[in-house]
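Student: My structure is below; once you've seen it, I'll send some questions.
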Amino acid sequence: MTHLICRVRSFQIEAPFTLRVHFNDNTEQLIDFHPVLAGALFGPLRDLAIFNQVKIDLEVHTLVWPNGADFDPATLHDWPQHIQALVARAKQWQLSPT
């Protein structure tokens, strides 16, 4: 059995908090990150000026932000399969004291 090693190749900002992410297998995801931006690490990305500083880390081939926030490239690749769990976790972070 082989496992795809997902790598982010490029991205475009499509709308506030929304990126079109292109992967090494020639697929893409249109991802609205806004529902998962909560907690100590991802909460600061609710500031659009910070969110828009997103870059690709050339070592691990994923999206990263200046505050150290990042997502596993496999999670980004399969975003529709993970979004419900990520939103649920973000809601927990909103309820938890920092």
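Following the order of the structure tokens, chains are lettered A, B, ..., residues in each are numbered from 1, and ligands are numbered from 1.
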Can you pull out every residue within 12 Å of Asn26 of chain A, counting only C-alpha atoms, but drop anything in the same chain fewer than 2 positions away, and send it as a list in words?

Tutor: Cys6, Arg7, Val8, Arg9, Ser10, Val21, His22, Phe23, Asn24, Glu28, Gln29 and His77 of chain A

Student: Counting only C-alpha atoms, figure out which residue out of A:Lys55, A:Lys91, A:Arg46, A:His61 gets nearest to Ile5 of chain A.

Tutor: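 The answer is A:His61, which sits nearest to Ile5 of chain A.
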
Student: Rounded to one decimal, what separation in Å do you get between atom CA of Thr62 of chain A and atom CA of His34 of chain A?

Tutor: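 A separation of 17.9 Å between them.
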
Student: Quick one: residues within 8 Å of Leu41 of chain A, only C-alpha atoms, excluding same-chain residues fewer than 3 positions away - as a count of residues only?

Tutor: 5

Student: Please compute the atom CA of Phe51 of chain A-atom CA of Phe17 of chain A distance, one decimal, in Å.

Tutor: 6.8 Å

Student: Residues within 9 Å of Trp79 of chain A, please, as an NGL selection string. Count only C-alpha atoms; anything in the same chain fewer than 3 positions from it doesn't count.

Tutor: :A and (29-31 or 74-76 or 82-83)

Student: Take the selection from the previous step and output its residues with N, CA, C and O atoms, as an mmCIF file, in the first residue's frame.

Tutor:
data_model
loop_
_atom_site.group_PDB
_atom_site.id
_atom_site.type_symbol
_atom_site.label_atom_id
_atom_site.label_comp_id
_atom_site.auth_asym_id
_atom_site.auth_seq_id
_atom_site.Cartn_x
_atom_site.Cartn_y
_atom_site.Cartn_z
ATOM 1 N N GLN A 29 -7.604 22.578 -3.288
ATOM 2 C CA GLN A 29 -8.710 22.773 -2.354
ATOM 3 C C GLN A 29 -8.944 24.269 -2.214
ATOM 4 O O GLN A 29 -7.986 25.043 -2.124
ATOM 5 N N LEU A 30 -10.208 24.653 -2.193
ATOM 6 C CA LEU A 30 -10.587 26.013 -1.846
ATOM 7 C C LEU A 30 -10.986 25.960 -0.380
ATOM 8 O O LEU A 30 -11.968 25.303 -0.027
ATOM 9 N N ILE A 31 -10.199 26.605 0.473
ATOM 10 C CA ILE A 31 -10.360 26.457 1.918
ATOM 11 C C ILE A 31 -10.707 27.786 2.558
ATOM 12 O O ILE A 31 -9.945 28.748 2.468
ATOM 13 N N ALA A 74 -1.358 17.129 4.658
ATOM 14 C CA ALA A 74 -2.364 16.089 4.386
ATOM 15 C C ALA A 74 -3.744 16.552 4.840
ATOM 16 O O ALA A 74 -4.751 16.258 4.188
ATOM 17 N N THR A 75 -3.804 17.306 5.937
ATOM 18 C CA THR A 75 -5.074 17.860 6.393
ATOM 19 C C THR A 75 -5.605 18.863 5.382
ATOM 20 O O THR A 75 -6.788 18.856 5.050
ATOM 21 N N LEU A 76 -4.738 19.713 4.876
ATOM 22 C CA LEU A 76 -5.149 20.674 3.854
ATOM 23 C C LEU A 76 -5.635 19.947 2.599
ATOM 24 O O LEU A 76 -6.658 20.307 2.024
ATOM 25 N N HIS A 82 -11.891 16.729 7.104
ATOM 26 C CA HIS A 82 -11.445 17.165 8.430
ATOM 27 C C HIS A 82 -12.197 18.372 8.978
ATOM 28 O O HIS A 82 -12.089 18.669 10.164
ATOM 29 N N ILE A 83 -12.926 19.089 8.143
ATOM 30 C CA ILE A 83 -13.473 20.382 8.543
ATOM 31 C C ILE A 83 -14.392 20.284 9.755
ATOM 32 O O ILE A 83 -14.313 21.124 10.650
#

Student: Could you pull out all residues of segment 16-53 of chain A with a DSSP call of strand (DSSP E) and give them as a PyMOL selection string?

Tutor: chain A and resi 18-23+28-32

Student: Can you work out the spacing between atom CA of Ala85 of chain A and atom CA of Leu63 of chain A in Å, to one decimal?

Tutor: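 Value for the atom CA of Ala85 of chain A-atom CA of Leu63 of chain A distance: 19.4 Å.
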
Student: With a distance cut-off of 8 Å and only C-alpha atoms, select the neighbouring residues of segment 86-90 of chain A, excluding the residue or stretch itself and same-chain residues fewer than 5 positions from it, and output the selection as a ChimeraX atom specification.

Tutor: /A:35-39

Student: Identify which of the residues A:Asp47, A:Asp25, A:Asp70, A:Asp32 lies closest to Ile13 of chain A, counting only C-alpha atoms when measuring atom-to-atom distances.

Tutor: A:Asp32

Student: Would you mind telling me which residue in A:Ile50, A:Ala40, A:Val60, A:Pro80 lies nearest to Gln92 of chain A when using only C-alpha atoms?

Tutor: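 The closest residue to Gln92 of chain A is A:Ala40.
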
Student: Return as a PyMOL selection string the full set of residues in segment 2-98 of chain A whose backbone-based DSSP assignment is helix (DSSP H, G or I).

Tutor: chain A and resi 34-36+39-46+48-51+73-77+79-95
